[in-house]
file structure-v6.cif (mmCIF, C-alpha atoms)
data_data
loop_
_atom_site.label_atom_id
_atom_site.label_comp_id
_atom_site.auth_asym_id
_atom_site.auth_seq_id
_atom_site.Cartn_x
_atom_site.Cartn_y
_atom_site.Cartn_z
CA MET A 1 69.57 100.36 45.73
CA ALA A 2 73.22 101.31 46.19
CA ARG A 3 74.62 103.97 43.89
CA ALA A 4 78.25 104.48 42.99
CA GLN A 5 79.98 107.30 44.86
CA GLY A 6 83.48 108.54 44.21
CA ALA A 7 84.09 108.89 47.95
CA ARG A 8 83.97 105.08 48.29
CA ALA A 9 86.14 104.32 45.27
CA GLN A 10 89.43 102.52 45.77
CA MET A 11 92.51 101.68 43.72
CA ALA A 12 95.09 98.91 43.97
CA LEU A 13 98.30 98.56 41.95
CA ALA A 14 100.84 95.80 41.33
CA PHE A 15 103.67 95.39 38.84
CA GLU A 16 103.37 92.51 36.38
CA THR A 17 105.85 89.73 35.72
CA THR A 18 104.32 89.06 32.29
CA TYR A 19 102.86 91.92 30.26
CA GLY A 20 99.08 91.89 30.34
CA THR A 21 98.81 89.22 33.06
CA PRO A 22 97.65 90.49 36.47
CA PRO A 23 99.66 89.01 39.34
CA VAL A 24 97.87 86.82 41.86
CA GLY A 25 99.02 88.98 44.77
CA GLY A 26 101.31 91.78 45.84
CA PHE A 27 98.85 94.63 45.29
CA THR A 28 99.24 97.95 47.12
CA LYS A 29 96.43 100.35 47.99
CA MET A 30 97.07 103.62 46.17
CA PRO A 31 95.90 107.13 47.08
CA PHE A 32 94.37 109.01 44.16
CA ALA A 33 92.23 112.09 43.55
CA SER A 34 90.51 111.07 40.32
CA THR A 35 90.90 108.73 37.36
CA SER A 36 89.65 108.50 33.80
CA LEU A 37 91.26 105.09 33.23
CA GLY A 38 88.89 102.94 31.20
CA ALA A 39 88.33 100.89 28.07
CA GLU A 40 86.13 101.81 25.14
CA GLN A 41 85.14 100.03 21.94
CA PRO A 42 83.43 102.22 19.35
CA LEU A 43 80.88 101.04 16.81
CA LEU A 44 81.34 101.34 13.04
CA ASN A 45 78.29 102.23 10.98
CA SER A 46 77.36 99.76 8.28
CA GLU A 47 78.11 101.00 4.76
CA LEU A 48 76.07 98.28 2.99
CA LEU A 49 73.23 99.13 0.62
CA GLY A 50 70.22 97.25 -0.68
CA TYR A 51 68.28 96.80 2.56
CA GLY A 52 66.21 99.96 2.50
CA ARG A 53 66.76 103.28 4.26
CA ASP A 54 67.11 101.78 7.73
CA PRO A 55 70.75 100.91 8.52
CA LEU A 56 72.08 97.46 9.27
CA ALA A 57 73.63 96.57 12.63
CA PRO A 58 76.93 98.30 13.42
CA ILE A 59 80.24 96.46 13.73
CA LYS A 60 82.52 96.62 16.79
CA ASP A 61 85.90 98.33 16.32
CA ALA A 62 89.18 97.77 18.19
CA VAL A 63 89.42 98.20 21.96
CA THR A 64 91.22 101.25 23.37
CA ALA A 65 92.19 101.22 27.05
CA ASP A 66 93.90 104.26 28.51
CA GLY A 67 93.34 107.26 30.76
CA ASP A 68 94.74 109.52 33.45
CA VAL A 69 95.21 109.02 37.18
CA VAL A 70 95.62 112.10 39.38
CA VAL A 71 97.75 111.21 42.40
CA PRO A 72 99.32 113.14 45.29
CA LEU A 73 103.04 113.72 45.44
CA ASP A 74 103.86 111.85 48.62
CA ALA A 75 106.87 110.21 50.20
CA GLU A 76 105.87 106.55 49.67
CA ALA A 77 103.19 105.86 47.05
CA PHE A 78 104.74 108.22 44.51
CA GLY A 79 107.66 105.81 44.22
CA PHE A 80 105.40 103.39 42.31
CA TRP A 81 104.70 106.06 39.69
CA LEU A 82 108.40 106.93 39.45
CA LYS A 83 109.18 103.25 38.86
CA ALA A 84 106.51 103.16 36.15
CA ALA A 85 108.04 106.25 34.52
CA PHE A 86 111.74 105.36 34.71
CA GLY A 87 112.04 101.68 35.60
CA ALA A 88 113.28 100.00 38.77
CA PRO A 89 115.42 102.20 41.03
CA THR A 90 118.80 101.66 42.61
CA THR A 91 118.18 101.55 46.37
CA THR A 92 120.79 102.36 49.01
CA GLY A 93 120.78 102.90 52.76
CA THR A 94 119.55 100.96 55.77
CA GLY A 95 116.43 102.93 56.62
CA PRO A 96 115.58 105.51 55.57
CA TRP A 97 116.29 104.27 52.06
CA THR A 98 117.27 106.33 49.02
CA HIS A 99 115.70 105.21 45.75
CA GLU A 100 117.40 106.61 42.65
CA PHE A 101 115.48 106.49 39.36
CA GLN A 102 117.33 107.25 36.11
CA SER A 103 115.99 108.17 32.71
CA GLY A 104 116.93 106.30 29.56
CA ALA A 105 115.80 102.74 30.36
CA TRP A 106 115.10 100.68 27.24
CA THR A 107 112.22 98.78 28.85
CA LEU A 108 109.54 99.90 31.27
CA PRO A 109 107.59 97.78 33.77
CA SER A 110 103.91 97.15 33.19
CA MET A 111 101.28 97.34 35.92
CA SER A 112 97.88 95.94 36.75
CA ILE A 113 95.57 98.53 38.29
CA GLU A 114 92.19 97.71 39.80
CA THR A 115 89.59 100.38 40.47
CA GLY A 116 86.71 99.36 42.68
CA MET A 117 83.24 100.64 43.48
CA PRO A 118 82.19 98.17 46.21
CA GLU A 119 78.65 99.50 46.65
CA VAL A 120 77.59 98.50 43.07
CA PRO A 121 79.68 96.21 43.14
CA ARG A 122 82.06 96.79 40.21
CA TYR A 123 85.75 95.99 40.12
CA ALA A 124 87.65 96.82 36.92
CA MET A 125 91.11 95.35 36.41
CA TYR A 126 93.28 97.14 33.86
CA SER A 127 96.19 94.97 32.81
CA GLY A 128 99.25 95.90 30.79
CA CYS A 129 99.33 99.50 32.06
CA VAL A 130 102.44 101.39 30.94
CA LEU A 131 103.10 105.00 31.91
CA ASP A 132 103.12 107.33 28.92
CA GLN A 133 103.47 110.69 30.67
CA ILE A 134 103.61 112.24 34.12
CA THR A 135 103.23 115.94 34.81
CA TRP A 136 102.86 118.29 37.76
CA GLN A 137 103.11 121.96 38.65
CA MET A 138 105.04 123.85 41.30
CA GLN A 139 103.41 126.98 42.71
CA ARG A 140 103.06 128.90 45.96
CA SER A 141 99.86 127.34 47.32
CA GLY A 142 97.19 124.74 46.64
CA LEU A 143 97.10 120.95 46.60
CA LEU A 144 100.13 119.27 45.06
CA THR A 145 99.14 116.51 42.63
CA ALA A 146 100.59 114.84 39.55
CA THR A 147 98.74 113.47 36.53
CA SER A 148 99.87 110.09 35.22
CA ARG A 149 98.77 109.19 31.70
CA LEU A 150 98.58 105.43 31.13
CA VAL A 151 98.22 103.12 28.14
CA ALA A 152 96.66 99.77 29.06
CA GLN A 153 96.10 96.55 27.15
CA GLY A 154 92.58 95.82 28.31
CA GLU A 155 89.89 95.85 30.95
CA THR A 156 88.26 92.99 32.86
CA VAL A 157 85.20 93.78 34.96
CA GLY A 158 83.89 91.65 37.84
CA THR A 159 81.72 91.85 40.93
CA THR A 160 84.50 90.84 43.34
CA THR A 161 88.00 92.16 43.76
CA SER A 162 90.96 90.36 42.16
CA ALA A 163 93.50 92.31 44.20
CA GLY A 164 92.84 90.52 47.48
CA THR A 165 93.65 92.63 50.51
CA PRO A 166 96.13 95.23 49.21
CA ALA A 167 98.94 96.45 51.44
CA ALA A 168 98.48 99.96 52.79
CA LEU A 169 101.09 102.71 52.81
CA GLU A 170 101.50 105.59 55.22
CA LEU A 171 100.50 108.80 53.49
CA LYS A 172 103.17 111.47 53.96
CA ARG A 173 102.19 114.11 51.46
CA PHE A 174 104.41 116.85 50.08
CA GLY A 175 102.99 120.35 49.86
CA HIS A 176 103.86 123.28 47.64
CA PHE A 177 105.44 125.02 50.62
CA ASN A 178 107.93 122.10 50.86
CA GLY A 179 109.20 122.83 47.33
CA SER A 180 112.34 124.54 46.09
CA ILE A 181 114.10 125.07 42.75
CA THR A 182 117.85 125.38 42.29
CA ARG A 183 119.93 126.26 39.22
CA ASN A 184 123.45 124.85 39.10
CA GLY A 185 123.26 124.26 42.85
CA THR A 186 122.08 127.78 43.73
CA ALA A 187 118.52 128.67 44.72
CA LEU A 188 116.60 130.14 41.80
CA GLY A 189 114.73 133.20 42.98
CA ASN A 190 111.72 135.14 41.69
CA VAL A 191 109.98 131.97 40.44
CA VAL A 192 106.20 132.33 40.26
CA SER A 193 105.39 128.84 38.98
CA ALA A 194 106.93 125.89 37.19
CA ASP A 195 105.58 123.01 35.12
CA ILE A 196 107.34 119.65 34.68
CA THR A 197 106.35 117.00 32.12
CA TYR A 198 108.17 113.71 31.53
CA ALA A 199 106.95 111.68 28.56
CA ASN A 200 107.94 108.20 27.41
CA ASN A 201 106.13 108.74 24.07
CA LEU A 202 104.80 105.20 23.94
CA ASP A 203 104.35 103.39 20.65
CA ARG A 204 101.28 101.13 20.73
CA ILE A 205 101.87 97.76 19.10
CA GLU A 206 98.60 97.41 17.20
CA THR A 207 98.79 93.91 15.74
CA ILE A 208 95.86 91.83 14.49
CA ARG A 209 94.28 89.97 17.41
CA SER A 210 90.95 88.27 17.92
CA ASP A 211 90.30 90.24 21.13
CA GLY A 212 91.03 93.65 19.57
CA ARG A 213 93.69 94.52 22.17
CA ILE A 214 97.19 95.88 21.60
CA ASP A 215 100.26 93.65 21.87
CA GLY A 216 102.22 96.13 23.94
CA ALA A 217 103.38 99.71 24.36
CA ASP A 218 107.06 100.38 23.71
CA PRO A 219 108.85 103.56 24.81
CA SER A 220 110.40 105.72 22.09
CA ILE A 221 112.51 108.88 22.45
CA ALA A 222 111.73 110.35 25.86
CA ALA A 223 111.05 114.01 26.47
CA LEU A 224 111.39 116.16 29.57
CA THR A 225 109.93 119.62 29.11
CA GLY A 226 108.29 122.34 31.13
CA SER A 227 108.06 126.03 31.78
CA ILE A 228 109.30 128.45 34.40
CA GLU A 229 107.51 131.73 35.01
CA VAL A 230 109.68 134.27 36.81
CA ARG A 231 109.49 137.87 37.93
CA PHE A 232 111.95 139.66 35.68
CA ALA A 233 114.69 140.80 38.08
CA ASP A 234 117.98 140.05 36.31
CA GLN A 235 119.44 138.86 33.02
CA THR A 236 120.75 135.46 34.20
CA LEU A 237 118.23 133.24 32.42
CA VAL A 238 117.98 135.48 29.37
CA THR A 239 121.76 135.47 28.99
CA GLN A 240 121.81 131.67 29.19
CA ALA A 241 119.06 131.47 26.56
CA ILE A 242 120.95 133.81 24.20
CA ASN A 243 124.23 131.94 24.65
CA GLY A 244 122.56 128.55 24.18
CA ASP A 245 124.30 127.01 27.18
CA PRO A 246 122.63 124.32 29.31
CA CYS A 247 122.16 124.48 33.07
CA GLU A 248 121.18 121.98 35.75
CA LEU A 249 117.79 122.47 37.39
CA GLU A 250 116.67 120.63 40.51
CA PHE A 251 113.04 120.53 41.62
CA ALA A 252 112.89 119.34 45.23
CA TYR A 253 110.50 118.72 48.12
CA LEU A 254 111.59 118.11 51.71
CA LEU A 255 109.44 117.19 54.71
CA PRO A 256 110.45 118.13 58.25
CA SER A 257 110.51 114.41 59.12
CA GLY A 258 113.31 113.84 56.58
CA GLU A 259 111.51 112.36 53.56
CA SER A 260 112.39 114.06 50.28
CA LEU A 261 111.84 113.99 46.54
CA ARG A 262 114.37 115.51 44.14
CA LEU A 263 114.18 115.62 40.36
CA THR A 264 117.51 116.71 38.91
CA VAL A 265 117.46 117.69 35.25
CA HIS A 266 121.08 117.62 34.18
CA ALA A 267 121.02 119.61 30.93
CA VAL A 268 118.27 122.21 30.53
CA TYR A 269 118.11 124.48 27.50
CA LEU A 270 116.14 127.73 27.57
CA PRO A 271 114.56 129.56 24.63
CA ARG A 272 114.88 133.31 24.28
CA PRO A 273 111.60 134.67 25.67
CA ARG A 274 109.58 137.72 24.75
CA ILE A 275 109.79 140.28 27.56
CA GLU A 276 106.50 142.15 27.62
CA ILE A 277 105.50 145.18 29.72
CA SER A 278 101.74 144.68 29.91
CA GLY A 279 100.89 147.25 32.55
CA PRO A 280 101.98 148.96 35.77
CA GLN A 281 102.43 145.67 37.68
CA GLY A 282 105.56 143.54 37.84
CA VAL A 283 107.10 142.24 34.61
CA GLN A 284 107.13 138.47 34.22
CA ALA A 285 108.86 136.20 31.73
CA THR A 286 108.08 132.60 30.81
CA PHE A 287 110.81 130.17 29.74
CA ASP A 288 109.57 127.01 27.99
CA TRP A 289 112.57 124.80 28.71
CA GLN A 290 113.67 121.51 27.19
CA ALA A 291 115.99 118.89 28.62
CA ALA A 292 118.54 116.74 26.80
CA ARG A 293 121.05 114.02 27.60
CA ASP A 294 124.01 115.34 29.55
CA SER A 295 127.27 114.04 28.07
CA VAL A 296 129.04 113.96 31.45
CA VAL A 297 126.34 112.29 33.56
CA GLY A 298 125.19 110.15 30.66
CA ARG A 299 121.45 110.69 31.07
CA MET A 300 118.79 113.36 30.99
CA CYS A 301 117.50 113.31 34.56
CA THR A 302 117.66 111.60 37.94
CA ALA A 303 114.86 111.32 40.49
CA ALA A 304 115.77 110.52 44.11
CA LEU A 305 113.14 109.55 46.68
CA VAL A 306 114.08 109.17 50.35
CA ASN A 307 111.56 107.33 52.54
CA ASP A 308 110.93 104.32 54.82
CA VAL A 309 110.02 101.91 52.00
CA GLU A 310 112.72 99.28 51.59
CA ILE A 311 112.00 98.18 48.02
CA TYR A 312 109.79 99.04 45.06
#

call {"tool": "encode", "arguments": {"input": "structure-v6.cif", "output": "structure tokens"}}
result
Amino acid sequence: MARAQGARAQMALAFETTYGTPPVGGFTKMPFASTSLGAEQPLLNSELLGYGRDPLAPIKDAVTADGDVVVPLDAEAFGFWLKAAFGAPTTTGTGPWTHEFQSGAWTLPSMSIETGMPEVPRYAMYSGCVLDQITWQMQRSGLLTATSRLVAQGETVGTTTSAGTPAALELKRFGHFNGSITRNGTALGNVVSADITYANNLDRIETIRSDGRIDGADPSIAALTGSIEVRFADQTLVTQAINGDPCELEFAYLLPSGESLRLTVHAVYLPRPRIEISGPQGVQATFDWQAARDSVVGRMCTAALVNDVEIY
């Protein structure tokens, strides 16, 4: 008897034309490290009396479909997650292409994502997936991954795939050693680690339906936050925090072959941190930054991905 193994799991993704309706084709095979994407339907205990001490049968509650997908930051597949986070990009060039994603879109594309365990077999199609939040960390070493939090409409399970034969992408993965951080165009030194979180803060449309599913997930006020931990070497960031002035931060990755990913946050505000001397080792300070709309650029952030993919 075959048993499910994570090593044989697979994932395919396609953007939907109609929310909640999986497309008949156009799926792409996606690299991923893990996923908690799934649907659950809790049971409500019966409150009725008069039938003795043994309870009556429980009642099914509404369906909730959501979860996280941990994916690598790479030069090609990560563009699908950027499109889910920001909307369709503006693409320029003739190969390699530059895909520019901008924050502030009023509508976001929905996706259908199928996870498969062929040895069981079990293929689960999650339709109406909208990206709620994406987050990752920059550090000196380790595997570079991002966590995408999704809100889906529902789950359909079958014994055969509905994604057909998904197109495959070439995996060109970014590493932590490919990363850099600049402030107002100048390299920011003494950085120990950095966290970046972009959230669409989705509002689930929970209308009354016979299938218990949501009607949609609409984006509300976006948020781009994070933290920077630095070795305390000068007063530059502290002075900015005290003055209340914004700066531009750029988090970038560049491969020797030319592919790159740059997230430019146009107006970053820093809080005044507590500077602690906790022992004989180096003094470090953590700045929990927040981003806002820049009045000159007209948006909060811009993500630029340079690769060999012509269109997303």

call {"tool": "residues_around", "arguments": {"input": "structure-v6.cif", "residues": "range 209-214 of chain A", "least_positions_apart": "4", "cutoff": "6 Å", "atoms": "all atoms listed in the file", "output": "MDAnalysis selection string"}}
result
chainID A and resid 62:63 153 205

call {"tool": "residues_around", "arguments": {"input": "structure-v6.cif", "residues": "Leu270 in chain A", "least_positions_apart": "6", "cutoff": "7 Å", "atoms": "only C-alpha atoms", "output": "number ranges by chain"}}
result
A: 241, 287-290

call {"tool": "residues_around", "arguments": {"input": "structure-v6.cif", "residues": "Lys29 in chain A", "least_positions_apart": "5", "cutoff": "10 Å", "atoms": "only C-alpha atoms", "output": "number ranges by chain"}}
result
A: 10-14, 77, 113-114, 163, 165-169

call {"tool": "resolve_selection", "arguments": {"input": "structure-v6.cif", "expression": "the PyMOL selection byres ((chain A and resi 220) around 9)", "output": "PDB file with C-alpha atoms, in the frame of the given file"}}
result
ATOM      1  CA  TRP A 106     115.100 100.680  27.240  1.00  0.00           C
ATOM      2  CA  ASN A 200     107.940 108.200  27.410  1.00  0.00           C
ATOM      3  CA  ASN A 201     106.130 108.740  24.070  1.00  0.00           C
ATOM      4  CA  LEU A 202     104.800 105.200  23.940  1.00  0.00           C
ATOM      5  CA  ASP A 203     104.350 103.390  20.650  1.00  0.00           C
ATOM      6  CA  ASP A 218     107.060 100.380  23.710  1.00  0.00           C
ATOM      7  CA  PRO A 219     108.850 103.560  24.810  1.00  0.00           C
ATOM      8  CA  ILE A 221     112.510 108.880  22.450  1.00  0.00           C
ATOM      9  CA  ALA A 222     111.730 110.350  25.860  1.00  0.00           C
TER      10      ALA A 222
END

call {"tool": "resolve_selection", "arguments": {"input": "structure-v6.cif", "expression": "the PyMOL selection byres ((chain A and resi 291) around 9)", "output": "list in words"}}
result
Ala223, Leu224, Thr225, Gly226, Pro246, Val265, His266, Ala267, Val268, Tyr269, Leu270, Trp289, Gln290, Ala292, Arg293, Asp294, Met300 and Cys301 of chain A

call {"tool": "residues_around", "arguments": {"input": "structure-v6.cif", "residues": "Arg231 in chain A", "least_positions_apart": "4", "cutoff": "10 Å", "atoms": "only C-alpha atoms", "output": "PDB file with C-alpha atoms, in the coordinates of the input"}}
result
ATOM      1  CA  GLY A 189     114.730 133.200  42.980  1.00  0.00           C
ATOM      2  CA  ASN A 190     111.720 135.140  41.690  1.00  0.00           C
ATOM      3  CA  VAL A 191     109.980 131.970  40.440  1.00  0.00           C
ATOM      4  CA  VAL A 192     106.200 132.330  40.260  1.00  0.00           C
ATOM      5  CA  SER A 193     105.390 128.840  38.980  1.00  0.00           C
ATOM      6  CA  GLY A 282     105.560 143.540  37.840  1.00  0.00           C
ATOM      7  CA  VAL A 283     107.100 142.240  34.610  1.00  0.00           C
ATOM      8  CA  GLN A 284     107.130 138.470  34.220  1.00  0.00           C
ATOM      9  CA  ALA A 285     108.860 136.200  31.730  1.00  0.00           C
ATOM     10  CA  THR A 286     108.080 132.600  30.810  1.00  0.00           C
TER      11      THR A 286
END

call {"tool": "closest_residue", "arguments": {"input": "structure-v6.cif", "among": "A:Phe174, A:Phe80, A:Tyr51, A:Tyr126", "to": "Arg262 in chain A", "atoms": "all atoms listed in the file"}}
result
A:Phe174

call {"tool": "decode", "arguments": {"input": "structure-v6.cif", "residues": "range 31-118 of chain A", "atoms": "C-alpha atoms", "output": "PDB file, in the first residue's frame"}}
result
ATOM      1  CA  PRO A  31       8.855  24.910  -6.506  1.00  0.00           C
ATOM      2  CA  PHE A  32       7.930  24.927  -2.826  1.00  0.00           C
ATOM      3  CA  ALA A  33       9.402  23.819   0.497  1.00  0.00           C
ATOM      4  CA  SER A  34       6.207  23.200   2.461  1.00  0.00           C
ATOM      5  CA  THR A  35       2.533  24.129   2.525  1.00  0.00           C
ATOM      6  CA  SER A  36      -0.292  24.219   5.041  1.00  0.00           C
ATOM      7  CA  LEU A  37      -2.880  25.196   2.423  1.00  0.00           C
ATOM      8  CA  GLY A  38      -6.098  23.322   3.126  1.00  0.00           C
ATOM      9  CA  ALA A  39      -9.810  23.510   3.866  1.00  0.00           C
ATOM     10  CA  GLU A  40     -11.496  22.736   7.159  1.00  0.00           C
ATOM     11  CA  GLN A  41     -15.107  22.609   8.289  1.00  0.00           C
ATOM     12  CA  PRO A  42     -15.603  22.425  12.058  1.00  0.00           C
ATOM     13  CA  LEU A  43     -18.525  20.760  13.802  1.00  0.00           C
ATOM     14  CA  LEU A  44     -20.914  22.587  16.148  1.00  0.00           C
ATOM     15  CA  ASN A  45     -22.100  20.719  19.215  1.00  0.00           C
ATOM     16  CA  SER A  46     -25.846  20.328  19.548  1.00  0.00           C
ATOM     17  CA  GLU A  47     -27.363  22.520  22.261  1.00  0.00           C
ATOM     18  CA  LEU A  48     -30.757  20.740  22.290  1.00  0.00           C
ATOM     19  CA  LEU A  49     -32.175  19.169  25.439  1.00  0.00           C
ATOM     20  CA  GLY A  50     -34.763  16.504  26.126  1.00  0.00           C
ATOM     21  CA  TYR A  51     -33.033  13.484  24.590  1.00  0.00           C
ATOM     22  CA  GLY A  52     -31.112  12.254  27.598  1.00  0.00           C
ATOM     23  CA  ARG A  53     -27.484  12.799  28.575  1.00  0.00           C
ATOM     24  CA  ASP A  54     -26.048  11.585  25.278  1.00  0.00           C
ATOM     25  CA  PRO A  55     -25.664  14.450  22.775  1.00  0.00           C
ATOM     26  CA  LEU A  56     -27.393  14.693  19.429  1.00  0.00           C
ATOM     27  CA  ALA A  57     -25.462  14.731  16.153  1.00  0.00           C
ATOM     28  CA  PRO A  58     -23.297  17.809  15.560  1.00  0.00           C
ATOM     29  CA  ILE A  59     -23.969  20.348  12.811  1.00  0.00           C
ATOM     30  CA  LYS A  60     -21.433  21.375  10.147  1.00  0.00           C
ATOM     31  CA  ASP A  61     -20.163  24.969  10.287  1.00  0.00           C
ATOM     32  CA  ALA A  62     -18.847  27.180   7.468  1.00  0.00           C
ATOM     33  CA  VAL A  63     -15.859  26.144   5.356  1.00  0.00           C
ATOM     34  CA  THR A  64     -12.518  27.903   5.869  1.00  0.00           C
ATOM     35  CA  ALA A  65      -9.830  27.469   3.203  1.00  0.00           C
ATOM     36  CA  ASP A  66      -6.464  29.124   3.723  1.00  0.00           C
ATOM     37  CA  GLY A  67      -2.851  28.411   4.620  1.00  0.00           C
ATOM     38  CA  ASP A  68       0.796  29.192   3.963  1.00  0.00           C
ATOM     39  CA  VAL A  69       3.124  28.191   1.144  1.00  0.00           C
ATOM     40  CA  VAL A  70       6.874  28.397   1.746  1.00  0.00           C
ATOM     41  CA  VAL A  71       8.633  29.091  -1.560  1.00  0.00           C
ATOM     42  CA  PRO A  72      12.211  29.879  -2.626  1.00  0.00           C
ATOM     43  CA  LEU A  73      13.172  33.341  -3.778  1.00  0.00           C
ATOM     44  CA  ASP A  74      14.195  32.571  -7.334  1.00  0.00           C
ATOM     45  CA  ALA A  75      14.521  34.429 -10.608  1.00  0.00           C
ATOM     46  CA  GLU A  76      11.470  32.962 -12.393  1.00  0.00           C
ATOM     47  CA  ALA A  77       8.817  31.313 -10.210  1.00  0.00           C
ATOM     48  CA  PHE A  78       8.864  34.111  -7.636  1.00  0.00           C
ATOM     49  CA  GLY A  79       7.325  36.389 -10.254  1.00  0.00           C
ATOM     50  CA  PHE A  80       4.019  34.524  -9.852  1.00  0.00           C
ATOM     51  CA  TRP A  81       3.955  35.357  -6.142  1.00  0.00           C
ATOM     52  CA  LEU A  82       4.842  38.990  -6.852  1.00  0.00           C
ATOM     53  CA  LYS A  83       1.942  39.170  -9.311  1.00  0.00           C
ATOM     54  CA  ALA A  84      -0.347  37.684  -6.667  1.00  0.00           C
ATOM     55  CA  ALA A  85       0.851  40.280  -4.143  1.00  0.00           C
ATOM     56  CA  PHE A  86       0.811  43.409  -6.314  1.00  0.00           C
ATOM     57  CA  GLY A  87      -1.105  42.620  -9.501  1.00  0.00           C
ATOM     58  CA  ALA A  88       0.102  42.285 -13.087  1.00  0.00           C
ATOM     59  CA  PRO A  89       3.491  43.879 -13.806  1.00  0.00           C
ATOM     60  CA  THR A  90       4.626  46.288 -16.472  1.00  0.00           C
ATOM     61  CA  THR A  91       7.121  44.365 -18.616  1.00  0.00           C
ATOM     62  CA  THR A  92       9.857  45.964 -20.696  1.00  0.00           C
ATOM     63  CA  GLY A  93      12.877  44.730 -22.631  1.00  0.00           C
ATOM     64  CA  THR A  94      13.493  42.145 -25.331  1.00  0.00           C
ATOM     65  CA  GLY A  95      15.092  39.394 -23.274  1.00  0.00           C
ATOM     66  CA  PRO A  96      16.052  39.508 -20.533  1.00  0.00           C
ATOM     67  CA  TRP A  97      12.805  41.163 -19.501  1.00  0.00           C
ATOM     68  CA  THR A  98      12.225  43.551 -16.608  1.00  0.00           C
ATOM     69  CA  HIS A  99       8.943  43.056 -14.752  1.00  0.00           C
ATOM     70  CA  GLU A 100       7.955  45.992 -12.553  1.00  0.00           C
ATOM     71  CA  PHE A 101       5.320  45.394  -9.863  1.00  0.00           C
ATOM     72  CA  GLN A 102       3.788  48.392  -8.076  1.00  0.00           C
ATOM     73  CA  SER A 103       1.875  48.566  -4.820  1.00  0.00           C
ATOM     74  CA  GLY A 104      -1.535  50.170  -4.538  1.00  0.00           C
ATOM     75  CA  ALA A 105      -3.603  48.135  -7.027  1.00  0.00           C
ATOM     76  CA  TRP A 106      -7.323  48.189  -6.252  1.00  0.00           C
ATOM     77  CA  THR A 107      -7.864  44.609  -7.408  1.00  0.00           C
ATOM     78  CA  LEU A 108      -5.701  41.526  -7.075  1.00  0.00           C
ATOM     79  CA  PRO A 109      -5.657  38.431  -9.307  1.00  0.00           C
ATOM     80  CA  SER A 110      -6.949  35.147  -7.937  1.00  0.00           C
ATOM     81  CA  MET A 111      -5.216  31.816  -8.456  1.00  0.00           C
ATOM     82  CA  SER A 112      -6.014  28.140  -8.593  1.00  0.00           C
ATOM     83  CA  ILE A 113      -3.398  26.002  -6.860  1.00  0.00           C
ATOM     84  CA  GLU A 114      -3.315  22.216  -7.027  1.00  0.00           C
ATOM     85  CA  THR A 115      -1.282  20.144  -4.589  1.00  0.00           C
ATOM     86  CA  GLY A 116      -0.790  16.521  -5.525  1.00  0.00           C
ATOM     87  CA  MET A 117       0.260  13.333  -3.782  1.00  0.00           C
ATOM     88  CA  PRO A 118       0.327  10.902  -6.736  1.00  0.00           C
TER      89      PRO A 118
END
